[in-house]
Structures are given as C-alpha cells and as structure tokens.
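Visitor: Just one file: model-v7.cif, with mmCIF, C-alpha atoms.
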data_structure
#
loop_
_atom_site.label_atom_id
_atom_site.label_comp_id
_atom_site.auth_asym_id
_atom_site.auth_seq_id
_atom_site.Cartn_x
_atom_site.Cartn_y
_atom_site.Cartn_z
CA MET A 1 17.14 -25.09 50.71
CA THR A 2 16.78 -22.27 53.19
CA GLY A 3 13.86 -19.92 53.45
CA TRP A 4 15.80 -17.08 51.89
CA GLU A 5 16.80 -19.16 48.93
CA MET A 6 13.20 -20.27 48.40
CA ALA A 7 11.91 -16.68 48.62
CA LEU A 8 14.56 -15.54 46.15
CA LEU A 9 13.65 -18.34 43.78
CA LEU A 10 9.94 -17.50 44.01
CA LEU A 11 10.80 -13.89 43.17
CA VAL A 12 13.22 -14.58 40.32
CA ILE A 13 11.03 -17.05 38.38
CA PRO A 14 8.08 -14.66 37.85
CA LEU A 15 10.47 -11.84 36.96
CA LEU A 16 12.09 -14.10 34.39
CA PHE A 17 8.70 -14.88 32.81
CA VAL A 18 7.78 -11.19 32.72
CA ALA A 19 11.11 -10.34 31.11
CA LEU A 20 10.65 -13.05 28.47
CA TYR A 21 7.11 -11.83 27.76
CA LEU A 22 8.27 -8.24 27.33
CA ARG A 23 11.15 -9.32 25.11
CA GLY A 24 8.76 -11.28 22.90
CA LEU A 25 6.33 -8.37 22.75
CA ALA A 26 9.09 -5.96 21.75
CA ALA A 27 10.29 -8.37 19.06
CA ARG A 28 6.75 -8.72 17.73
CA LEU A 29 6.34 -4.96 17.60
CA ASP A 30 9.62 -4.66 15.73
CA ARG A 31 8.51 -7.28 13.19
CA LEU A 32 5.19 -5.47 12.72
CA HIS A 33 6.98 -2.19 12.07
CA LEU A 34 9.20 -3.90 9.51
CA ARG A 35 6.10 -5.37 7.88
CA VAL A 36 4.53 -1.90 7.69
CA GLU A 37 7.66 -0.47 6.07
CA ALA A 38 7.88 -3.33 3.57
CA SER A 39 4.23 -3.09 2.60
CA GLU A 40 4.52 0.69 2.19
CA ALA A 41 7.52 0.19 -0.09
CA VAL A 42 5.53 -2.27 -2.23
CA LEU A 43 2.63 0.18 -2.40
CA ASP A 44 4.97 3.01 -3.42
CA ALA A 45 6.48 0.85 -6.15
CA ARG A 46 3.05 -0.13 -7.48
CA LEU A 47 1.88 3.48 -7.49
CA GLU A 48 5.02 4.56 -9.34
CA ARG A 49 4.54 1.78 -11.88
CA ARG A 50 0.89 2.71 -12.39
CA ALA A 51 1.80 6.35 -13.06
CA ALA A 52 4.56 5.34 -15.50
CA LEU A 53 2.26 2.94 -17.34
CA THR A 54 -0.45 5.59 -17.50
CA ARG A 55 2.00 7.98 -19.15
CA GLU A 56 3.01 5.27 -21.59
CA VAL A 57 -0.62 4.48 -22.45
CA ALA A 58 -1.42 8.17 -22.87
CA LEU A 59 1.48 8.64 -25.28
CA GLU A 60 1.33 5.43 -27.29
CA ALA A 61 -2.13 3.83 -27.13
CA GLY A 62 -3.83 5.99 -29.72
CA LEU A 63 -6.17 7.80 -27.35
CA ASP A 64 -8.04 10.90 -28.37
CA PRO A 65 -6.07 14.07 -27.52
CA VAL A 66 -8.32 15.15 -24.63
CA SER A 67 -8.04 11.75 -22.93
CA ALA A 68 -4.30 11.62 -23.52
CA VAL A 69 -3.77 15.05 -21.96
CA LEU A 70 -6.00 14.18 -18.99
CA LEU A 71 -4.02 11.01 -18.31
CA LEU A 72 -0.66 12.72 -18.84
CA ASP A 73 -1.52 15.53 -16.43
CA ALA A 74 -2.77 13.14 -13.76
CA ALA A 75 0.18 10.75 -14.14
CA THR A 76 2.72 13.58 -14.08
CA ALA A 77 1.11 15.05 -10.98
CA ALA A 78 1.22 11.64 -9.28
CA GLN A 79 4.86 11.12 -10.20
CA HIS A 80 5.92 14.56 -8.99
CA ALA A 81 3.77 14.73 -5.86
CA GLU A 82 5.49 15.04 -2.52
CA ARG A 83 6.22 11.72 -0.91
CA SER A 84 4.28 12.72 2.19
CA TRP A 85 0.91 11.03 2.22
CA PRO A 86 -1.48 13.95 2.54
CA ALA A 87 -0.11 15.49 -0.67
CA ARG A 88 0.32 12.19 -2.45
CA THR A 89 -3.17 10.96 -1.62
CA ALA A 90 -4.77 13.73 -3.64
CA ALA A 91 -2.53 13.15 -6.66
CA GLU A 92 -3.01 9.38 -6.65
CA SER A 93 -6.77 9.72 -6.20
CA THR A 94 -6.87 12.16 -9.13
CA LEU A 95 -4.99 9.63 -11.26
CA SER A 96 -7.52 6.93 -10.33
CA ALA A 97 -10.39 9.24 -11.26
CA ALA A 98 -8.72 10.11 -14.57
CA LEU A 99 -8.26 6.42 -15.40
CA ARG A 100 -11.92 5.75 -14.66
CA ALA A 101 -12.98 8.74 -16.77
CA VAL A 102 -10.91 7.71 -19.79
CA PHE A 103 -11.50 3.96 -19.54
CA GLY A 104 -15.07 4.04 -18.28
CA ASP A 105 -16.70 2.97 -21.54
CA PRO A 106 -16.05 -0.71 -22.38
CA ASP A 107 -16.74 -0.15 -26.09
CA ALA A 108 -14.18 2.65 -26.31
CA VAL A 109 -11.63 0.55 -24.44
CA GLU A 110 -12.23 -2.39 -26.77
CA GLU A 111 -11.70 -0.09 -29.74
CA ILE A 112 -8.37 1.08 -28.32
CA ALA A 113 -7.41 -2.53 -27.64
CA GLN A 114 -7.70 -3.52 -31.32
CA ASP A 115 -4.01 -2.69 -31.67
CA PRO A 116 -1.95 -5.54 -30.14
CA GLY A 117 0.56 -3.11 -28.59
CA SER A 118 -2.21 -1.07 -26.99
CA ARG A 119 -3.88 -4.24 -25.74
CA THR A 120 -0.64 -5.30 -24.05
CA MET A 121 -0.29 -1.90 -22.37
CA LEU A 122 -3.93 -1.95 -21.23
CA THR A 123 -3.51 -5.45 -19.83
CA GLU A 124 -0.44 -4.40 -17.89
CA LEU A 125 -2.18 -1.24 -16.66
CA ALA A 126 -5.15 -3.32 -15.49
CA GLU A 127 -2.87 -5.71 -13.61
CA VAL A 128 -0.91 -2.91 -11.97
CA SER A 129 -4.12 -1.07 -11.03
CA ASN A 130 -5.41 -4.21 -9.34
CA GLY A 131 -2.02 -4.62 -7.68
CA VAL A 132 -2.30 -1.11 -6.24
CA VAL A 133 -5.62 -2.03 -4.62
CA LEU A 134 -4.12 -5.18 -3.08
CA ALA A 135 -0.92 -3.46 -1.97
CA ARG A 136 -2.90 -0.72 -0.22
CA ARG A 137 -5.03 -3.34 1.55
CA PHE A 138 -1.93 -5.23 2.72
CA ALA A 139 -0.32 -1.98 3.90
CA ASN A 140 -3.42 -0.98 5.83
CA ASP A 141 -3.68 -4.46 7.37
CA ALA A 142 -0.07 -4.19 8.55
CA VAL A 143 -0.79 -0.75 10.01
CA ARG A 144 -3.86 -2.05 11.86
CA ALA A 145 -1.85 -4.93 13.36
CA ALA A 146 0.96 -2.62 14.49
CA LEU A 147 -1.48 -0.12 15.98
CA ALA A 148 -3.28 -2.87 17.88
CA VAL A 149 -0.05 -3.84 19.62
CA ARG A 150 1.09 -0.23 20.16
CA ARG A 151 -2.19 0.65 21.89
CA ARG A 152 -1.70 -1.94 24.60
CA ALA A 153 -1.14 -0.35 28.00
CA VAL A 154 2.05 -2.29 28.76
CA VAL A 155 3.56 -1.21 25.42
CA ARG A 156 2.74 2.45 26.02
CA VAL A 157 3.86 2.49 29.66
CA LEU A 158 7.19 0.81 28.95
CA ARG A 159 7.62 2.72 25.69
CA LEU A 160 8.51 -0.42 23.78
CA PRO A 161 8.24 1.20 20.32
CA GLY A 162 11.03 3.61 21.20
CA HIS A 163 11.16 6.45 18.70
CA ALA A 164 9.43 4.61 15.88
CA ARG A 165 6.80 6.72 14.16
CA TRP A 166 3.14 5.84 14.45
CA PRO A 167 2.07 3.88 11.39
CA GLN A 168 -0.60 5.61 9.31
CA SER A 169 -3.11 3.98 7.05
CA ARG A 170 -3.06 4.79 3.35
CA ASP A 171 -6.49 6.01 2.40
CA LEU A 172 -6.87 6.94 -1.24
CA ASP A 173 -9.20 6.38 -4.14
CA ASP A 174 -7.57 3.49 -5.97
CA ALA A 175 -10.58 1.85 -7.62
CA PRO A 176 -9.52 0.68 -11.07
CA PRO A 177 -11.70 1.28 -14.15
CA ASP A 178 -14.28 -1.46 -14.60
CA ALA A 179 -13.66 -1.58 -18.35
CA LEU A 180 -10.04 -2.59 -17.77
CA ALA A 181 -11.05 -5.51 -15.54
CA GLN A 182 -11.58 -7.75 -18.56
CA PHE A 183 -7.93 -7.33 -19.57
CA ALA A 184 -6.69 -8.41 -16.17
CA LEU A 185 -8.99 -11.45 -16.35
CA ASP A 186 -7.86 -12.31 -19.89
CA SER A 187 -4.22 -12.51 -18.81
CA ALA A 188 -4.94 -14.70 -15.78
#
Let's see the structure in the file written out as structure tokens.
Guide:
Amino acid sequence: MTGWEMALLLLVIPLLFVALYLRGLAARLDRLHLRVEASEAVLDARLERRAALTREVALEAGLDPVSAVLLLDAATAAQHAERSWPARTAAESTLSAALRAVFGDPDAVEEIAQDPGSRTMLTELAEVSNGVVLARRFANDAVRAALAVRRRAVVRVLRLPGHARWPQSRDLDDAPPDALAQFALDSA
C-alpha cells in the first residue's frame, strides 16, 4: 500500500464514523419528534374525553343546578377553545378548577354516587382525569428529551432538525379532585 493510499484510508475512516454518528443523531431526533407528536395526540384525546365526560356528568348525574351549570360552562369552553396551547391552557385549567370545586366534598360526591349510573360516570371521570395527568407528564418528558438533543451544538450548527417546530411543554392545572380518587381506586 502506497503512502497516498494509506493517507486516504486514514482520512476516509474517521469521516465515515462522523457520518454514521450524525446519521444516528438525526434519526434519534426524528424519533423524539415523533414521540412528542404521539404523546401530544394522546394528551389531546384525553382532554377531549375529560370534557365530554364532564358534560355528561353535568347533564345526567343529578347534580345541583349551580354545579351542573359550572361544569357545563367549563366543559364547553374547553371543548371549543382554540387548539393553540396558550388559549387551551386557560380553558383546561378552568375545567380542572371547576371539577375540584364541584367534587371537592367527599360526602357530597358519595351522595351523588348512590345512583349506579352516576357512580359509573364518576368512576370513568376519575380514571380519565388521572389519565390526563399521566398523559401530560409523558408529553412533557418527551418534550424535555427532544429539547435536550436539539440544544446540542452539533445539532444546531448542522441544523439537523430541519424545519421541525420547537417542542413546547404543556403546562396546565390538571390536578383531579381528591374526592374522585376513591372511584379510580375502586375500579382498579
């Protein structure tokens, strides 16, 4: 092997490793972006289900009229809020606050749950409310992982994300009512 061939080989091998590293990094970033999109879709579905169940509970669970109207207004606002997160955050947080206000008293919740149909709806609402909390956590974890990779210098310099939007965390008040927690535990 001549000197030129050896020099060319010593130049090509490191370039090959760098190219493979960059290809793997780009593929990882793509997978992270897909994970963010999937987790956001799950969160959206859970939020939609929570609003629909809240409307159902407000209409059919035998609540007092003030509580029913409070839940209906909050659920309707959440369902009709813009899909952009700044507007949606306020509506979803208001729905969480309304749920806590109506279902804050365990004795009142137990009284509503005397009817088997109402108990079933409350159980489902408790499960979906807990699912919203978990879905938001998973979505935010996916966002954190994607941002960690996107902030690397090599990723920024080589513009590996392309035109993909920056992932944003989903910060909202999603704490479920404590009085509904017993229904989620009863079904488990």
Visitor: For the structure provided, state which residues fall under the PyMOL selection byres ((chain A and resi 119) around 12), and present them as a list in words.
Guide: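 This file gives the following for the PyMOL selection byres ((chain A and resi 119) around 12): Val57, Glu60, Ala61, Gly62, Val109, Glu110, Glu111, Ile112, Ala113, Gln114, Asp115, Pro116, Gly117, Ser118, Thr120, Met121, Leu122, Thr123, Glu124, Leu125, Ala126, Leu180, Gln182, Phe183, Ala184, Asp186 and Ser187 of chain A.
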Visitor: Quick one: of A:Ala181, A:Val69, A:Leu63, A:Leu43, who's nearest to Glu92 (chain A), counting all atoms listed in the file?
Guide: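 Smallest separation from Glu92 (chain A) among the options: A:Leu43.
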Visitor: When you count only C-alpha atoms, which of these residues is closest to Ala101 (chain A): A:Asp178, A:His163, A:Leu34, A:Asp171?
Guide: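 Closest candidate: A:Asp178.
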Visitor: At a cut-off of 9 Å, using all atoms listed in the file, what residues contact Ala135 (chain A)? Leave out same-chain residues fewer than 5 positions from it and give the result as number ranges by chain.
Guide: A: 39-40, 42-44, 46, 130, 140
Visitor: Which neighbours of region 145-148 of chain A fall inside 10 Å, counting all atoms listed in the file, when residues of the same chain fewer than 3 positions from it are skipped, and could you give them as a PyMOL selection string?
Guide: chain A and resi 28-36+140-142+151-152+166-169
Visitor: Mind giving me the straight-line distance from CA of Val102 (chain A) to CA of Ala175 (chain A) in Å, one decimal?
Guide: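 Rounded to one decimal, the two atoms are 13.5 Å apart.
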Visitor: Here's the selection I'm unsure about, the PyMOL selection byres ((chain A and resi 160) around 12); applied to the file above, which residues does it give, as a PyMOL selection string?
Guide: chain A and resi 22-30+33+149-159+161-164
Visitor: So the first atom is CA of Leu134 (chain A) and the second is CA of Asp174 (chain A); what is the distance between them in Å, to one decimal place?
Guide: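 Rounded to one decimal, the two atoms are 9.8 Å apart.
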Visitor: Could you check the closest approach to Ala58 (chain A) for each of A:Asp173, A:Asp73, A:Glu82, A:Glu5 and tell me which residue wins, using all atoms listed in the file?
Guide: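 Smallest distance to Ala58 (chain A) is found for A:Asp73.
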Visitor: Just checking: using all atoms listed in the file, which residue out of A:Leu20, A:Ala75, A:Ala52, A:Ala45 ends up closest to Gly131 (chain A)?
Guide: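 Checking each of A:Leu20, A:Ala75, A:Ala52, A:Ala45 against Gly131 (chain A), counting all atoms listed in the file, the winner is A:Ala45.
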Visitor: Show me, as JSON, the centre and edge lengths in Å to one decimal of the axis-aligned box that covers every listed atom of region 136-154 of chain A with 3 Å on each side.
Guide:
{"center_x": -1.5, "center_y": -2.3, "center_z": 14.3, "size_x": 13.1, "size_y": 11.9, "size_z": 35.0}
Visitor: For CA of Ser129 (chain A) and CA of Arg50 (chain A), determine how far apart the two atoms are, in Å to one decimal place.
Guide: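 Between these atoms lies a distance of 6.4 Å.
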Visitor: Hey, which of A:Val12, A:Pro177, A:Ala51, A:Tyr21 ends up closest to Gly104 (chain A)? Count all atoms listed in the file.
Guide: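 Looking at the shortest contact to Gly104 (chain A), the residue is A:Pro177.
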Visitor: Output the residue selection produced by the PyMOL selection byres ((chain A and resi 94) around 9) on the file above, formatted as an MDAnalysis selection string.
Guide: chainID A and resid 74:75 77:78 89:93 95:99 173
Visitor: How would region 44-174 of chain A look written as a compact mmCIF listing (two decimals), in the first residue's frame with C-alpha atoms?
Guide:
# COMPACT_ATOMS: atom_id res chain seq x y z
CA ASP A 44 -55.42 15.92 23.30
CA ALA A 45 -57.60 12.81 23.20
CA ARG A 46 -57.64 12.53 27.00
CA LEU A 47 -58.51 16.21 27.39
CA GLU A 48 -61.34 15.86 24.86
CA ARG A 49 -62.64 12.78 26.67
CA ARG A 50 -62.49 14.54 30.03
CA ALA A 51 -64.51 17.49 28.70
CA ALA A 52 -67.09 15.17 27.13
CA LEU A 53 -67.43 13.13 30.32
CA THR A 54 -67.75 16.31 32.37
CA ARG A 55 -70.64 17.43 30.17
CA GLU A 56 -72.25 14.01 30.55
CA VAL A 57 -71.87 14.09 34.34
CA ALA A 58 -73.24 17.62 34.50
CA LEU A 59 -76.32 16.65 32.50
CA GLU A 60 -77.08 13.21 33.90
CA ALA A 61 -75.55 12.74 37.37
CA GLY A 62 -78.19 14.57 39.37
CA LEU A 63 -76.02 17.49 40.41
CA ASP A 64 -77.48 20.64 41.88
CA PRO A 65 -78.22 23.24 39.17
CA VAL A 66 -75.37 25.59 40.11
CA SER A 67 -72.79 22.79 39.96
CA ALA A 68 -74.22 21.47 36.71
CA VAL A 69 -74.04 24.89 35.06
CA LEU A 70 -70.48 25.45 36.33
CA LEU A 71 -69.34 22.12 34.89
CA LEU A 72 -71.22 22.64 31.62
CA ASP A 73 -69.71 26.08 31.09
CA ALA A 74 -66.18 24.89 31.85
CA ALA A 75 -66.50 21.75 29.70
CA THR A 76 -67.99 23.67 26.79
CA ALA A 77 -65.23 26.27 26.99
CA ALA A 78 -62.61 23.50 27.00
CA GLN A 79 -64.20 21.77 24.02
CA HIS A 80 -64.47 24.96 21.98
CA ALA A 81 -61.13 26.51 22.94
CA GLU A 82 -58.60 27.15 20.20
CA ARG A 83 -56.25 24.26 19.65
CA SER A 84 -53.25 26.51 20.25
CA TRP A 85 -51.84 25.90 23.69
CA PRO A 86 -51.89 29.35 25.24
CA ALA A 87 -55.66 29.59 24.71
CA ARG A 88 -56.32 25.97 25.52
CA THR A 89 -54.30 26.02 28.73
CA ALA A 90 -56.64 28.53 30.32
CA ALA A 91 -59.77 26.61 29.34
CA GLU A 92 -58.42 23.25 30.50
CA SER A 93 -57.18 24.74 33.78
CA THR A 94 -60.61 26.29 34.35
CA LEU A 95 -62.21 22.88 33.78
CA SER A 96 -59.86 21.32 36.35
CA ALA A 97 -60.74 24.04 38.86
CA ALA A 98 -64.46 23.55 38.21
CA LEU A 99 -64.14 19.79 38.76
CA ARG A 100 -62.33 20.38 42.05
CA ALA A 101 -64.96 22.93 43.13
CA VAL A 102 -67.89 20.63 42.39
CA PHE A 103 -66.32 17.39 43.58
CA GLY A 104 -64.29 18.77 46.47
CA ASP A 105 -66.53 17.43 49.23
CA PRO A 106 -66.26 13.62 49.61
CA ASP A 107 -69.66 13.41 51.35
CA ALA A 108 -71.40 15.23 48.50
CA VAL A 109 -69.65 13.04 45.94
CA GLU A 110 -70.69 9.90 47.82
CA GLU A 111 -74.28 11.14 47.84
CA ILE A 112 -74.19 11.64 44.07
CA ALA A 113 -72.65 8.19 43.65
CA GLN A 114 -75.62 6.44 45.30
CA ASP A 115 -77.13 6.09 41.84
CA PRO A 116 -75.33 3.25 39.99
CA GLY A 117 -75.33 5.19 36.69
CA SER A 118 -73.83 8.25 38.34
CA ARG A 119 -71.25 6.10 40.11
CA THR A 120 -70.17 4.63 36.76
CA MET A 121 -69.82 8.10 35.24
CA LEU A 122 -67.86 9.37 38.25
CA THR A 123 -65.56 6.35 38.09
CA GLU A 124 -64.89 6.95 34.41
CA LEU A 125 -64.35 10.67 35.02
CA ALA A 126 -61.86 9.87 37.79
CA GLU A 127 -59.94 7.49 35.54
CA VAL A 128 -59.85 9.94 32.65
CA SER A 129 -58.78 12.78 34.97
CA ASN A 130 -55.89 10.66 36.23
CA GLY A 131 -55.11 9.74 32.63
CA VAL A 132 -54.84 13.43 31.75
CA VAL A 133 -52.24 13.91 34.47
CA LEU A 134 -50.20 10.96 33.20
CA ALA A 135 -50.54 11.94 29.54
CA ARG A 136 -49.32 15.47 30.29
CA ARG A 137 -46.33 14.08 32.19
CA PHE A 138 -45.43 11.76 29.31
CA ALA A 139 -45.81 14.61 26.81
CA ASN A 140 -43.59 16.88 28.86
CA ASP A 141 -40.99 14.12 29.28
CA ALA A 142 -40.91 13.65 25.51
CA VAL A 143 -40.50 17.41 25.04
CA ARG A 144 -37.63 17.52 27.53
CA ALA A 145 -35.84 14.67 25.74
CA ALA A 146 -36.26 16.30 22.33
CA LEU A 147 -35.08 19.68 23.62
CA ALA A 148 -32.01 18.11 25.21
CA VAL A 149 -30.92 16.74 21.85
CA ARG A 150 -31.88 19.90 19.92
CA ARG A 151 -29.76 22.06 22.23
CA ARG A 152 -26.58 20.21 21.40
CA ALA A 153 -24.12 22.37 19.48
CA VAL A 154 -23.61 19.87 16.65
CA VAL A 155 -27.38 19.61 16.12
CA ARG A 156 -27.80 23.39 15.98
CA VAL A 157 -24.78 24.02 13.76
CA LEU A 158 -25.72 21.36 11.23
CA ARG A 159 -29.42 22.18 11.51
CA LEU A 160 -30.37 18.55 11.91
CA PRO A 161 -33.99 19.26 12.96
CA GLY A 162 -34.65 20.93 9.63
CA HIS A 163 -37.89 22.90 9.77
CA ALA A 164 -39.43 20.97 12.64
CA ARG A 165 -41.03 23.24 15.22
CA TRP A 166 -39.56 23.52 18.68
CA PRO A 167 -41.46 21.24 21.04
CA GLN A 168 -43.25 23.07 23.85
CA SER A 169 -44.15 21.70 27.23
CA ARG A 170 -47.80 21.51 28.21
CA ASP A 171 -48.20 23.37 31.47
CA LEU A 172 -51.73 23.42 32.81
CA ASP A 173 -53.61 22.84 36.01
CA ASP A 174 -54.77 19.24 35.65
